[in-house]
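The file model34.cif comes next; it holds mmCIF, C-alpha atoms, pLDDT in the B column; chains and numbers go by the auth columns.
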```
data_target
loop_
_atom_site.group_PDB
_atom_site.id
_atom_site.type_symbol
_atom_site.label_atom_id
_atom_site.label_comp_id
_atom_site.label_asym_id
_atom_site.label_seq_id
_atom_site.Cartn_x
_atom_site.Cartn_y
_atom_site.Cartn_z
_atom_site.B_iso_or_equiv
_atom_site.auth_seq_id
_atom_site.auth_asym_id
ATOM 1 C CA MET A 1 8.481 11.168 -36.022 58.00 360 S
ATOM 2 C CA LYS A 2 5.610 11.688 -33.622 67.00 361 S
ATOM 3 C CA GLU A 3 4.503 8.687 -31.637 75.00 362 S
ATOM 4 C CA GLN A 4 1.145 7.306 -32.749 89.00 363 S
ATOM 5 C CA VAL A 5 -1.438 7.385 -29.975 94.00 364 S
ATOM 6 C CA ASP A 6 -5.219 7.027 -29.966 96.00 365 S
ATOM 7 C CA ASN A 7 -5.805 9.818 -27.498 97.00 366 S
ATOM 8 C CA GLU A 8 -3.805 12.126 -25.278 98.00 367 S
ATOM 9 C CA MET A 9 -4.378 14.658 -22.510 98.00 368 S
ATOM 10 C CA LYS A 10 -2.245 17.023 -20.469 98.00 369 S
ATOM 11 C CA LEU A 11 -2.919 18.361 -17.019 98.00 370 S
ATOM 12 C CA GLU A 12 -1.050 21.003 -14.996 98.00 371 S
ATOM 13 C CA PHE A 13 -1.839 22.042 -11.468 98.00 372 S
ATOM 14 C CA ILE A 14 -0.129 23.483 -8.410 98.00 373 S
ATOM 15 C CA SER A 15 1.184 21.195 -5.702 98.00 374 S
ATOM 16 C CA LYS A 16 -1.685 21.431 -3.232 96.00 375 S
ATOM 17 C CA ALA A 17 -2.853 18.347 -1.332 94.00 376 S
ATOM 18 C CA THR A 18 -6.452 19.059 -2.318 94.00 377 S
ATOM 19 C CA ASN A 19 -5.415 18.447 -5.949 97.00 378 S
ATOM 20 C CA GLU A 20 -4.601 14.779 -5.216 97.00 379 S
ATOM 21 C CA ALA A 21 -8.267 13.857 -5.564 97.00 380 S
ATOM 22 C CA PHE A 22 -8.653 16.094 -8.623 97.00 381 S
ATOM 23 C CA ALA A 23 -5.679 14.435 -10.353 98.00 382 S
ATOM 24 C CA ARG A 24 -6.698 10.814 -9.742 98.00 383 S
ATOM 25 C CA ILE A 25 -10.344 11.420 -10.655 98.00 384 S
ATOM 26 C CA THR A 26 -9.377 13.223 -13.882 98.00 385 S
ATOM 27 C CA VAL A 27 -6.960 10.486 -14.963 98.00 386 S
ATOM 28 C CA ALA A 28 -9.577 7.850 -14.094 98.00 387 S
ATOM 29 C CA ALA A 29 -12.170 9.658 -16.200 98.00 388 S
ATOM 30 C CA PHE A 30 -9.721 9.691 -19.125 98.00 389 S
ATOM 31 C CA ALA A 31 -8.841 5.998 -18.608 98.00 390 S
ATOM 32 C CA SER A 32 -12.518 5.042 -18.571 97.00 391 S
ATOM 33 C CA GLN A 33 -12.493 5.331 -22.385 96.00 392 S
ATOM 34 C CA LEU A 34 -10.728 1.963 -22.383 97.00 393 S
ATOM 35 C CA ASP A 35 -13.679 0.409 -20.542 96.00 394 S
ATOM 36 C CA PRO A 36 -11.730 -0.802 -17.484 97.00 395 S
ATOM 37 C CA THR A 37 -13.247 -2.819 -14.641 95.00 396 S
ATOM 38 C CA ILE A 38 -13.922 -1.065 -11.333 94.00 397 S
ATOM 39 C CA GLU A 39 -10.859 -2.782 -9.902 94.00 398 S
ATOM 40 C CA GLU A 40 -8.574 -1.656 -12.738 96.00 399 S
ATOM 41 C CA LEU A 41 -9.858 1.895 -12.315 97.00 400 S
ATOM 42 C CA ALA A 42 -9.224 1.747 -8.540 96.00 401 S
ATOM 43 C CA ASP A 43 -5.648 0.566 -9.247 97.00 402 S
ATOM 44 C CA ILE A 44 -5.024 3.523 -11.584 98.00 403 S
ATOM 45 C CA LYS A 45 -6.487 5.999 -9.078 98.00 404 S
ATOM 46 C CA THR A 46 -4.332 4.631 -6.265 98.00 405 S
ATOM 47 C CA ALA A 47 -1.130 4.713 -8.337 98.00 406 S
ATOM 48 C CA VAL A 48 -1.783 8.297 -9.517 98.00 407 S
ATOM 49 C CA SER A 49 -2.551 9.365 -5.958 98.00 408 S
ATOM 50 C CA GLU A 50 0.765 7.922 -4.740 97.00 409 S
ATOM 51 C CA ALA A 51 2.740 9.654 -7.496 98.00 410 S
ATOM 52 C CA VAL A 52 1.078 13.047 -6.960 98.00 411 S
ATOM 53 C CA THR A 53 1.522 12.800 -3.174 96.00 412 S
ATOM 54 C CA ASN A 54 5.248 12.145 -3.755 97.00 413 S
ATOM 55 C CA CYS A 55 5.539 15.299 -5.896 98.00 414 S
ATOM 56 C CA ILE A 56 3.884 17.393 -3.166 97.00 415 S
ATOM 57 C CA ILE A 57 5.576 15.925 -0.081 95.00 416 S
ATOM 58 C CA HIS A 58 8.999 14.974 -1.412 95.00 417 S
ATOM 59 C CA GLY A 59 9.495 16.843 -4.716 97.00 418 S
ATOM 60 C CA TYR A 60 8.326 20.240 -3.505 98.00 419 S
ATOM 61 C CA GLU A 61 8.362 19.558 0.264 95.00 420 S
ATOM 62 C CA ASN A 62 5.021 21.334 0.608 90.00 421 S
ATOM 63 C CA LYS A 63 6.286 24.473 -1.146 95.00 422 S
ATOM 64 C CA GLN A 64 4.379 25.611 -4.211 96.00 423 S
ATOM 65 C CA GLY A 65 5.338 24.115 -7.549 98.00 424 S
ATOM 66 C CA ILE A 66 3.771 22.773 -10.719 98.00 425 S
ATOM 67 C CA ILE A 67 2.852 19.127 -11.226 98.00 426 S
ATOM 68 C CA LYS A 68 2.326 17.882 -14.780 98.00 427 S
ATOM 69 C CA ILE A 69 0.449 14.841 -15.937 98.00 428 S
ATOM 70 C CA ASN A 70 0.528 13.570 -19.485 98.00 429 S
ATOM 71 C CA ALA A 71 -1.698 10.586 -20.227 98.00 430 S
ATOM 72 C CA LYS A 72 -1.917 8.656 -23.479 98.00 431 S
ATOM 73 C CA LEU A 73 -4.132 5.883 -24.691 98.00 432 S
ATOM 74 C CA LYS A 74 -2.676 3.453 -27.183 96.00 433 S
ATOM 75 C CA ASP A 75 -4.577 0.316 -28.191 94.00 434 S
ATOM 76 C CA ASN A 76 -5.795 -0.947 -24.817 95.00 435 S
ATOM 77 C CA GLN A 77 -2.967 0.611 -22.836 97.00 436 S
ATOM 78 C CA ILE A 78 -2.813 3.744 -20.726 98.00 437 S
ATOM 79 C CA ILE A 79 0.556 5.459 -20.291 98.00 438 S
ATOM 80 C CA ILE A 80 0.662 8.092 -17.539 98.00 439 S
ATOM 81 C CA GLU A 81 3.632 10.400 -16.960 98.00 440 S
ATOM 82 C CA ILE A 82 3.619 12.391 -13.731 98.00 441 S
ATOM 83 C CA SER A 83 6.407 14.915 -13.237 98.00 442 S
ATOM 84 C CA ASP A 84 7.587 17.726 -11.009 98.00 443 S
ATOM 85 C CA ASN A 85 10.445 20.230 -11.072 98.00 444 S
ATOM 86 C CA GLY A 86 11.260 19.644 -7.431 97.00 445 S
ATOM 87 C CA LYS A 87 14.362 18.586 -5.554 97.00 446 S
ATOM 88 C CA GLY A 88 14.775 15.172 -7.183 97.00 447 S
ATOM 89 C CA ILE A 89 15.757 11.838 -5.648 96.00 448 S
ATOM 90 C CA GLU A 90 19.357 11.086 -4.731 95.00 449 S
ATOM 91 C CA ASN A 91 19.082 7.323 -4.713 93.00 450 S
ATOM 92 C CA VAL A 92 16.339 6.088 -7.009 94.00 451 S
ATOM 93 C CA GLU A 93 16.862 2.396 -6.215 94.00 452 S
ATOM 94 C CA MET A 94 16.625 2.989 -2.486 92.00 453 S
ATOM 95 C CA ALA A 95 13.495 5.130 -2.883 94.00 454 S
ATOM 96 C CA LYS A 96 11.779 2.212 -4.602 93.00 455 S
ATOM 97 C CA GLU A 97 12.475 -0.204 -1.725 91.00 456 S
ATOM 98 C CA PRO A 98 9.339 -1.151 0.222 90.00 457 S
ATOM 99 C CA LEU A 99 9.074 0.587 3.608 89.00 458 S
ATOM 100 C CA TYR A 100 11.901 3.007 2.771 91.00 459 S
ATOM 101 C CA THR A 101 10.908 6.560 3.629 92.00 460 S
ATOM 102 C CA THR A 102 12.809 9.773 4.270 90.00 461 S
ATOM 103 C CA LYS A 103 9.913 11.094 6.359 87.00 462 S
ATOM 104 C CA PRO A 104 8.952 8.420 8.928 81.00 463 S
ATOM 105 C CA ASN A 105 7.960 11.065 11.478 78.00 464 S
ATOM 106 C CA LEU A 106 4.953 12.001 9.345 80.00 465 S
ATOM 107 C CA GLU A 107 3.534 8.452 9.477 87.00 466 S
ATOM 108 C CA ARG A 108 4.675 7.783 5.914 88.00 467 S
ATOM 109 C CA SER A 109 4.632 4.087 5.199 89.00 468 S
ATOM 110 C CA GLY A 110 7.268 4.032 2.459 92.00 469 S
ATOM 111 C CA MET A 111 4.941 1.955 0.296 93.00 470 S
ATOM 112 C CA GLY A 112 4.236 4.480 -2.477 95.00 471 S
ATOM 113 C CA PHE A 113 6.507 3.077 -5.194 96.00 472 S
ATOM 114 C CA THR A 114 5.719 -0.519 -4.207 95.00 473 S
ATOM 115 C CA ILE A 115 2.014 0.212 -4.668 96.00 474 S
ATOM 116 C CA MET A 116 2.637 1.921 -8.026 97.00 475 S
ATOM 117 C CA GLU A 117 4.739 -1.045 -9.171 96.00 476 S
ATOM 118 C CA SER A 118 2.235 -3.686 -8.183 95.00 477 S
ATOM 119 C CA PHE A 119 -0.986 -1.886 -9.145 97.00 478 S
ATOM 120 C CA MET A 120 0.292 -1.002 -12.624 98.00 479 S
ATOM 121 C CA ASP A 121 1.973 -3.236 -15.216 98.00 480 S
ATOM 122 C CA SER A 122 5.126 -1.173 -15.144 97.00 481 S
ATOM 123 C CA MET A 123 6.615 1.820 -13.363 97.00 482 S
ATOM 124 C CA LYS A 124 9.633 3.791 -14.501 97.00 483 S
ATOM 125 C CA LEU A 125 11.282 6.308 -12.193 97.00 484 S
ATOM 126 C CA GLU A 126 13.647 8.963 -13.538 97.00 485 S
ATOM 127 C CA SER A 127 15.086 11.715 -11.388 97.00 486 S
ATOM 128 C CA ILE A 128 17.774 14.360 -11.479 97.00 487 S
ATOM 129 C CA VAL A 129 18.747 15.995 -8.196 97.00 488 S
ATOM 130 C CA GLY A 130 17.851 19.692 -8.292 96.00 489 S
ATOM 131 C CA LEU A 131 15.799 19.374 -11.483 97.00 490 S
ATOM 132 C CA GLY A 132 12.900 17.060 -10.733 97.00 491 S
ATOM 133 C CA THR A 133 11.354 13.641 -10.971 98.00 492 S
ATOM 134 C CA LYS A 134 9.257 11.823 -13.548 98.00 493 S
ATOM 135 C CA VAL A 135 7.264 8.663 -12.981 98.00 494 S
ATOM 136 C CA THR A 136 5.877 6.726 -15.956 98.00 495 S
ATOM 137 C CA LEU A 137 3.048 4.311 -15.215 98.00 496 S
ATOM 138 C CA VAL A 138 1.691 1.850 -17.770 98.00 497 S
ATOM 139 C CA LYS A 139 -1.343 -0.384 -17.486 98.00 498 S
ATOM 140 C CA THR A 140 -2.981 -2.645 -20.037 97.00 499 S
ATOM 141 C CA ILE A 141 -6.735 -2.819 -19.692 96.00 500 S
ATOM 142 C CA LYS A 142 -7.974 -6.348 -20.308 91.00 501 S
ATOM 143 C CA LEU A 143 -10.573 -6.612 -23.016 85.00 502 S
ATOM 144 C CA GLN A 144 -14.015 -7.332 -21.651 74.00 503 S
ATOM 145 C CA ASP A 145 -16.205 -10.106 -22.955 67.00 504 S
ATOM 146 C CA CYS A 146 -16.332 -8.958 -26.584 57.00 505 S
ATOM 147 C CA GLU A 147 -18.507 -11.802 -27.769 54.00 506 S
ATOM 148 C CA GLU A 148 -21.515 -10.539 -25.864 57.00 507 S
ATOM 149 C CA GLU A 149 -20.955 -7.076 -27.209 58.00 508 S
ATOM 150 C CA SER A 150 -20.637 -8.102 -30.841 59.00 509 S
ATOM 151 C CA LYS A 151 -23.783 -10.183 -30.439 57.00 510 S
ATOM 152 C CA LEU A 152 -25.573 -7.100 -29.189 60.00 511 S
ATOM 153 C CA ASN A 153 -24.204 -5.070 -32.092 61.00 512 S
ATOM 154 C CA THR A 154 -25.541 -7.534 -34.669 60.00 513 S
ATOM 155 C CA LEU A 155 -28.893 -7.533 -32.917 60.00 514 S
ATOM 156 C CA THR A 156 -29.183 -3.751 -33.066 58.00 515 S
ATOM 157 C CA LYS A 157 -28.127 -3.737 -36.718 55.00 516 S
ATOM 158 C CA ASP A 158 -30.998 -6.099 -37.680 50.00 517 S
ATOM 159 C CA MET B 1 -15.751 10.291 10.061 94.00 985 C
ATOM 160 C CA GLU B 2 -18.354 9.195 12.596 95.00 986 C
ATOM 161 C CA SER B 3 -17.499 7.728 15.971 96.00 987 C
ATOM 162 C CA LYS B 4 -19.409 5.871 18.635 96.00 988 C
ATOM 163 C CA PHE B 5 -18.303 4.799 22.093 97.00 989 C
ATOM 164 C CA TYR B 6 -19.892 1.760 23.772 97.00 990 C
ATOM 165 C CA GLU B 7 -19.406 2.316 27.509 95.00 991 C
ATOM 166 C CA GLU B 8 -20.156 -1.287 28.612 96.00 992 C
ATOM 167 C CA ASP B 9 -17.486 -2.852 26.393 96.00 993 C
ATOM 168 C CA LYS B 10 -15.191 0.157 26.419 97.00 994 C
ATOM 169 C CA LEU B 11 -15.334 -0.094 22.639 98.00 995 C
ATOM 170 C CA LEU B 12 -14.722 2.863 20.347 98.00 996 C
ATOM 171 C CA VAL B 13 -15.852 2.505 16.712 98.00 997 C
ATOM 172 C CA PHE B 14 -14.771 4.867 13.950 98.00 998 C
ATOM 173 C CA LYS B 15 -16.714 4.742 10.712 98.00 999 C
ATOM 174 C CA ILE B 16 -14.602 6.448 8.050 97.00 1000 C
ATOM 175 C CA THR B 17 -16.812 8.168 5.500 95.00 1001 C
ATOM 176 C CA ASP B 18 -14.169 10.115 3.540 88.00 1002 C
ATOM 177 C CA GLU B 19 -11.707 9.108 0.860 95.00 1003 C
ATOM 178 C CA ILE B 20 -8.387 8.377 2.592 97.00 1004 C
ATOM 179 C CA ASP B 21 -5.403 10.144 1.072 96.00 1005 C
ATOM 180 C CA ASP B 22 -2.572 12.347 2.242 93.00 1006 C
ATOM 181 C CA CYS B 23 -4.917 15.347 2.242 92.00 1007 C
ATOM 182 C CA SER B 24 -7.831 13.925 4.248 95.00 1008 C
ATOM 183 C CA VAL B 25 -5.790 11.751 6.603 95.00 1009 C
ATOM 184 C CA GLN B 26 -4.680 14.618 8.832 93.00 1010 C
ATOM 185 C CA LYS B 27 -8.227 15.453 9.859 94.00 1011 C
ATOM 186 C CA ILE B 28 -9.062 11.779 10.475 96.00 1012 C
ATOM 187 C CA ARG B 29 -5.897 11.319 12.550 96.00 1013 C
ATOM 188 C CA ARG B 30 -6.593 14.368 14.709 96.00 1014 C
ATOM 189 C CA LYS B 31 -10.164 13.318 15.465 97.00 1015 C
ATOM 190 C CA ALA B 32 -9.228 9.689 16.150 97.00 1016 C
ATOM 191 C CA ASP B 33 -6.407 10.578 18.548 97.00 1017 C
ATOM 192 C CA TYR B 34 -8.626 13.045 20.376 97.00 1018 C
ATOM 193 C CA GLU B 35 -11.365 10.455 20.922 97.00 1019 C
ATOM 194 C CA ILE B 36 -8.973 7.647 21.861 97.00 1020 C
ATOM 195 C CA GLU B 37 -7.405 9.869 24.486 96.00 1021 C
ATOM 196 C CA ARG B 38 -10.810 10.984 25.727 96.00 1022 C
ATOM 197 C CA TYR B 39 -12.410 7.538 26.139 97.00 1023 C
ATOM 198 C CA MET B 40 -9.333 5.365 26.783 96.00 1024 C
ATOM 199 C CA PRO B 41 -11.073 2.392 25.061 97.00 1025 C
ATOM 200 C CA LYS B 42 -10.133 -1.261 25.548 97.00 1026 C
ATOM 201 C CA LYS B 43 -10.753 -1.775 21.875 98.00 1027 C
ATOM 202 C CA VAL B 44 -10.799 0.527 18.844 98.00 1028 C
ATOM 203 C CA ILE B 45 -12.412 -0.598 15.585 98.00 1029 C
ATOM 204 C CA PHE B 46 -12.004 1.231 12.284 98.00 1030 C
ATOM 205 C CA ASP B 47 -14.930 0.491 9.967 98.00 1031 C
ATOM 206 C CA PHE B 48 -14.030 0.844 6.248 98.00 1032 C
ATOM 207 C CA ASP B 49 -17.477 0.039 4.856 96.00 1033 C
ATOM 208 C CA SER B 50 -18.008 3.555 3.426 96.00 1034 C
ATOM 209 C CA VAL B 51 -14.452 4.127 2.193 96.00 1035 C
ATOM 210 C CA THR B 52 -14.569 4.645 -1.576 95.00 1036 C
ATOM 211 C CA PHE B 53 -10.850 5.330 -1.977 96.00 1037 C
ATOM 212 C CA MET B 54 -7.654 4.737 -0.012 97.00 1038 C
ATOM 213 C CA ASP B 55 -3.972 5.033 -0.864 96.00 1039 C
ATOM 214 C CA SER B 56 -0.879 4.359 1.257 96.00 1040 C
ATOM 215 C CA ALA B 57 -1.828 7.195 3.625 96.00 1041 C
ATOM 216 C CA GLY B 58 -4.249 4.661 5.142 97.00 1042 C
ATOM 217 C CA ILE B 59 -1.360 2.385 6.158 96.00 1043 C
ATOM 218 C CA GLY B 60 0.320 5.111 8.198 95.00 1044 C
ATOM 219 C CA LEU B 61 -3.030 6.113 9.681 97.00 1045 C
ATOM 220 C CA ILE B 62 -3.791 2.622 10.975 97.00 1046 C
ATOM 221 C CA ILE B 63 -0.258 1.844 12.215 95.00 1047 C
ATOM 222 C CA GLY B 64 -0.144 5.195 13.991 96.00 1048 C
ATOM 223 C CA ARG B 65 -3.512 4.650 15.731 97.00 1049 C
ATOM 224 C CA TYR B 66 -2.536 1.058 16.567 97.00 1050 C
ATOM 225 C CA LYS B 67 0.544 2.337 18.380 95.00 1051 C
ATOM 226 C CA PHE B 68 -1.389 5.108 20.092 96.00 1052 C
ATOM 227 C CA ALA B 69 -4.200 2.824 21.298 96.00 1053 C
ATOM 228 C CA ASN B 70 -1.613 0.290 22.485 95.00 1054 C
ATOM 229 C CA MET B 71 0.256 2.927 24.414 95.00 1055 C
ATOM 230 C CA LEU B 72 -2.961 3.717 26.278 95.00 1056 C
ATOM 231 C CA GLY B 73 -3.651 0.045 26.972 95.00 1057 C
ATOM 232 C CA GLY B 74 -6.113 -0.676 24.156 97.00 1058 C
ATOM 233 C CA LYS B 75 -6.289 -2.921 21.095 97.00 1059 C
ATOM 234 C CA LEU B 76 -7.082 -2.018 17.503 98.00 1060 C
ATOM 235 C CA GLU B 77 -8.991 -3.901 14.824 98.00 1061 C
ATOM 236 C CA VAL B 78 -10.256 -3.126 11.324 98.00 1062 C
ATOM 237 C CA ALA B 79 -13.610 -4.101 9.813 98.00 1063 C
ATOM 238 C CA ASN B 80 -15.517 -4.218 6.515 97.00 1064 C
ATOM 239 C CA LEU B 81 -12.480 -3.858 4.258 97.00 1065 C
ATOM 240 C CA THR B 82 -13.398 -3.068 0.673 94.00 1066 C
ATOM 241 C CA GLN B 83 -11.441 -4.738 -2.137 92.00 1067 C
ATOM 242 C CA ASN B 84 -9.199 -1.706 -2.705 93.00 1068 C
ATOM 243 C CA VAL B 85 -8.513 -1.248 1.028 96.00 1069 C
ATOM 244 C CA LYS B 86 -7.817 -4.946 1.558 96.00 1070 C
ATOM 245 C CA LYS B 87 -5.322 -5.044 -1.310 95.00 1071 C
ATOM 246 C CA ILE B 88 -3.320 -2.152 0.138 96.00 1072 C
ATOM 247 C CA PHE B 89 -3.350 -3.499 3.704 96.00 1073 C
ATOM 248 C CA GLU B 90 -2.317 -6.969 2.532 95.00 1074 C
ATOM 249 C CA MET B 91 0.557 -5.548 0.526 93.00 1075 C
ATOM 250 C CA SER B 92 1.855 -3.587 3.502 93.00 1076 C
ATOM 251 C CA GLY B 93 1.775 -6.624 5.788 92.00 1077 C
ATOM 252 C CA ILE B 94 -0.114 -4.819 8.567 94.00 1078 C
ATOM 253 C CA LEU B 95 -2.847 -7.474 8.631 96.00 1079 C
ATOM 254 C CA LYS B 96 -0.298 -9.795 10.278 95.00 1080 C
ATOM 255 C CA LEU B 97 -0.380 -7.374 13.190 93.00 1081 C
ATOM 256 C CA ILE B 98 -3.909 -6.033 13.130 97.00 1082 C
ATOM 257 C CA PRO B 99 -6.931 -8.373 13.216 97.00 1083 C
ATOM 258 C CA VAL B 100 -9.818 -8.052 10.758 97.00 1084 C
ATOM 259 C CA THR B 101 -13.131 -8.261 12.568 95.00 1085 C
ATOM 260 C CA GLN B 102 -16.851 -8.346 11.744 86.00 1086 C
ATOM 261 C CA ILE B 103 -19.244 -5.675 12.926 86.00 1087 C
#
```

Any chance you could give the structure as structure tokens?
Amino acid sequence: MKEQVDNEMKLEFISKATNEAFARITVAAFASQLDPTIEELADIKTAVSEAVTNCIIHGYENKQGIIKINAKLKDNQIIIEISDNGKGIENVEMAKEPLYTTKPNLERSGMGFTIMESFMDSMKLESIVGLGTKVTLVKTIKLQDCEEESKLNTLTKD
Amino acid sequence: MESKFYEEDKLLVFKITDEIDDCSVQKIRRKADYEIERYMPKKVIFDFDSVTFMDSAGIGLIIGRYKFANMLGGKLEVANLTQNVKKIFEMSGILKLIPVTQI
């Protein structure tokens, strides 16, 4: 049975660094349907940017490949899957450790997964060496002050 | 990114005007290192007032310039951190090492 979602979008692009901004802005535009605060939107953009950078730098090691994003809205939640068909991660647990990086010479901080974990509600990392990596990010958008809104709605109805 | 050197105080100020990610950081790094080497400042300040976006690439950028300025006998500080920038710097722990200043 197909999973029930309120909205869904798919995005595919080649692994160029200039697409990092494109990816985070597109996902943020999609997420804005849930009426997030500026801070929540900034968190989503940062997490997506980290995930896409990982695909480019680590997954494909700057060679050309395809990065896929699948984003779903369900109730007040956004679920974002970001995947590549790159080299994969040998030790997933180690990769998630703060400050751990396989490329320290390039001024990489090793904070990517830590940022994804703390800026989103949850982060799931799945990887198969030689096949690719998939990151699933979930964030619940807090409902804004609904009372004010419903008051406004009744006013406009009258 | 704009830069200004104050001869009297040997102070070099960088005002970052781009989004900071893996893509843009290389250009910022190149320009910053060039100017630091050229002026040999006593103090370098990075002004984040106009930064609308930053991810973890900003951490590496600042640590790298901190080391470079130190090597040449200078100090490094950061100023006007936006909410998003502050959150990322705090998480990385670099604010224990690098002072936040007002300009």

(message) Counting only C-alpha atoms, which residue out of C:Ile1012, C:Val1028, C:Ile1020, C:Met1055 sits closest to Gly1042 (chain C)?
(response)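 So, comparing all the options, the nearest one is C:Ile1012.
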
(request) Identify which of the residues C:Asp1039, C:Glu1074, C:Asp993, C:Asp1033 lies closest to chain S, counting all atoms listed in the file when measuring atom-to-atom distances. (result)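 Checking each of C:Asp1039, C:Glu1074, C:Asp993, C:Asp1033 against chain S, counting all atoms listed in the file, the winner is C:Asp1039.
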
As AutoDock Vina command-line options, please: the centre and edge lengths in Å, to one decimal, of an axis-aligned box enclosing every listed atom of region 1025-1037 of chain C with 4 Å added on each side.
```
--center_x -14.1 --center_y 1.8 --center_z 11.8 --size_x 15.9 --size_y 15.1 --size_z 35.5
```

(message) As a check of understanding, name the residues that the PyMOL selection byres ((chain C and resi 1023-1026) around 6) selects in the supplied structure, as JSON, numbers by chain.
(response) {"C": [994, 995, 996, 1020, 1021, 1022, 1027, 1058]}

Dump as a PDB file with C-alpha atoms, in the frame of the given file the residues of chain S that approach chain C to within 10 Å, counting all atoms listed in the file.
```pdb
ATOM      1  CA  LYS S 375      -1.685  21.431  -3.232  1.00 96.00           C
ATOM      2  CA  ALA S 376      -2.853  18.347  -1.332  1.00 94.00           C
ATOM      3  CA  THR S 377      -6.452  19.059  -2.318  1.00 94.00           C
ATOM      4  CA  ASN S 378      -5.415  18.447  -5.949  1.00 97.00           C
ATOM      5  CA  GLU S 379      -4.601  14.779  -5.216  1.00 97.00           C
ATOM      6  CA  ALA S 380      -8.267  13.857  -5.564  1.00 97.00           C
ATOM      7  CA  ILE S 397     -13.922  -1.065 -11.333  1.00 94.00           C
ATOM      8  CA  GLU S 398     -10.859  -2.782  -9.902  1.00 94.00           C
ATOM      9  CA  ALA S 401      -9.224   1.747  -8.540  1.00 96.00           C
ATOM     10  CA  ASP S 402      -5.648   0.566  -9.247  1.00 97.00           C
ATOM     11  CA  LYS S 404      -6.487   5.999  -9.078  1.00 98.00           C
ATOM     12  CA  THR S 405      -4.332   4.631  -6.265  1.00 98.00           C
ATOM     13  CA  ALA S 406      -1.130   4.713  -8.337  1.00 98.00           C
ATOM     14  CA  VAL S 407      -1.783   8.297  -9.517  1.00 98.00           C
ATOM     15  CA  SER S 408      -2.551   9.365  -5.958  1.00 98.00           C
ATOM     16  CA  GLU S 409       0.765   7.922  -4.740  1.00 97.00           C
ATOM     17  CA  VAL S 411       1.078  13.047  -6.960  1.00 98.00           C
ATOM     18  CA  THR S 412       1.522  12.800  -3.174  1.00 96.00           C
ATOM     19  CA  ASN S 413       5.248  12.145  -3.755  1.00 97.00           C
ATOM     20  CA  ILE S 415       3.884  17.393  -3.166  1.00 97.00           C
ATOM     21  CA  ILE S 416       5.576  15.925  -0.081  1.00 95.00           C
ATOM     22  CA  PRO S 457       9.339  -1.151   0.222  1.00 90.00           C
ATOM     23  CA  LEU S 458       9.074   0.587   3.608  1.00 89.00           C
ATOM     24  CA  PRO S 463       8.952   8.420   8.928  1.00 81.00           C
ATOM     25  CA  LEU S 465       4.953  12.001   9.345  1.00 80.00           C
ATOM     26  CA  GLU S 466       3.534   8.452   9.477  1.00 87.00           C
ATOM     27  CA  ARG S 467       4.675   7.783   5.914  1.00 88.00           C
ATOM     28  CA  SER S 468       4.632   4.087   5.199  1.00 89.00           C
ATOM     29  CA  GLY S 469       7.268   4.032   2.459  1.00 92.00           C
ATOM     30  CA  MET S 470       4.941   1.955   0.296  1.00 93.00           C
ATOM     31  CA  GLY S 471       4.236   4.480  -2.477  1.00 95.00           C
ATOM     32  CA  PHE S 472       6.507   3.077  -5.194  1.00 96.00           C
ATOM     33  CA  THR S 473       5.719  -0.519  -4.207  1.00 95.00           C
ATOM     34  CA  ILE S 474       2.014   0.212  -4.668  1.00 96.00           C
ATOM     35  CA  SER S 477       2.235  -3.686  -8.183  1.00 95.00           C
ATOM     36  CA  PHE S 478      -0.986  -1.886  -9.145  1.00 97.00           C
TER      37      PHE S 478
END
```

(message) Just the number, please: distance in Å from CA of Glu399 (chain S) to CA of Gln503 (chain S), one decimal.
(response) 11.9 Å

(request) Spell out the residues picked by the PyMOL selection byres ((chain C and resi 987) around 7) here, as a list in words. (result)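 Output from the PyMOL selection byres ((chain C and resi 987) around 7), applied to this file: Met985, Glu986, Lys988, Phe989, Val997, Phe998 and Lys999 of chain C.
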
(message) With distances taken over only C-alpha atoms, which residue among S:Glu420, S:Glu367, S:Asp394, S:Asp480 lies nearest Asn444 (chain S)?
(response)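 Under the stated criterion, the closest residue is S:Glu420.
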
(request) List the neighbours of Glu440 (chain S) out to 9 Å using only C-alpha atoms; skip same-chain residues closer than 2 positions along the sequence, and give me the result as a PyMOL selection string. (result) chain S and resi 427-431+438+442+493-497

Take the residues from that selection and put them in a file with C-alpha atoms, as a compact mmCIF listing (two decimals), in the frame of the given file.
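What follows is the written file result.txt:
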```
# COMPACT_ATOMS: atom_id res chain seq x y z
CA LYS S 427 2.33 17.88 -14.78
CA ILE S 428 0.45 14.84 -15.94
CA ASN S 429 0.53 13.57 -19.48
CA ALA S 430 -1.70 10.59 -20.23
CA LYS S 431 -1.92 8.66 -23.48
CA ILE S 438 0.56 5.46 -20.29
CA SER S 442 6.41 14.92 -13.24
CA LYS S 493 9.26 11.82 -13.55
CA VAL S 494 7.26 8.66 -12.98
CA THR S 495 5.88 6.73 -15.96
CA LEU S 496 3.05 4.31 -15.22
CA VAL S 497 1.69 1.85 -17.77
```

(request) May I ask for the distance between CA of His417 (chain S) and CA of Asn450 (chain S), given in Å to one decimal place? (result) 13.1 Å

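Shell of Thr1085 (chain C) at 9 Å, with all atoms listed in the file counted and residues fewer than 4 places along the chain excluded, is Ile1029, Glu1061, Val1062, Ala1063 and Asn1064 of chain C.
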
(request) Could you check how far CA of Val364 (chain S) sits from CA of Leu400 (chain S), in Å to one decimal? (result)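 Separation of CA of Val364 (chain S) and CA of Leu400 (chain S): 20.3 Å.
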
(request) Can you give me, as a list in words, the residues this file yields under the PyMOL selection byres ((chain S and resi 425) around 9)? (result)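 With the shown file as input, the PyMOL selection byres ((chain S and resi 425) around 9) matches Glu371, Phe372, Ile373, Ser374, Tyr419, Gln423, Gly424, Ile426, Lys427, Ser442, Asp443, Asn444 and Gly445 of chain S.
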
Show me, as a CSV table (one decimal) with C-alpha atoms, in the frame of the given file, the residues that have an atom within 6 Å of Ser486 (chain S) when counting all atoms listed in the file, minus same-chain residues fewer than 2 positions from it.
```csv
chain,number,residue,atom,x,y,z
S,447,GLY,CA,14.8,15.2,-7.2
S,448,ILE,CA,15.8,11.8,-5.6
S,491,GLY,CA,12.9,17.1,-10.7
S,492,THR,CA,11.4,13.6,-11.0
```
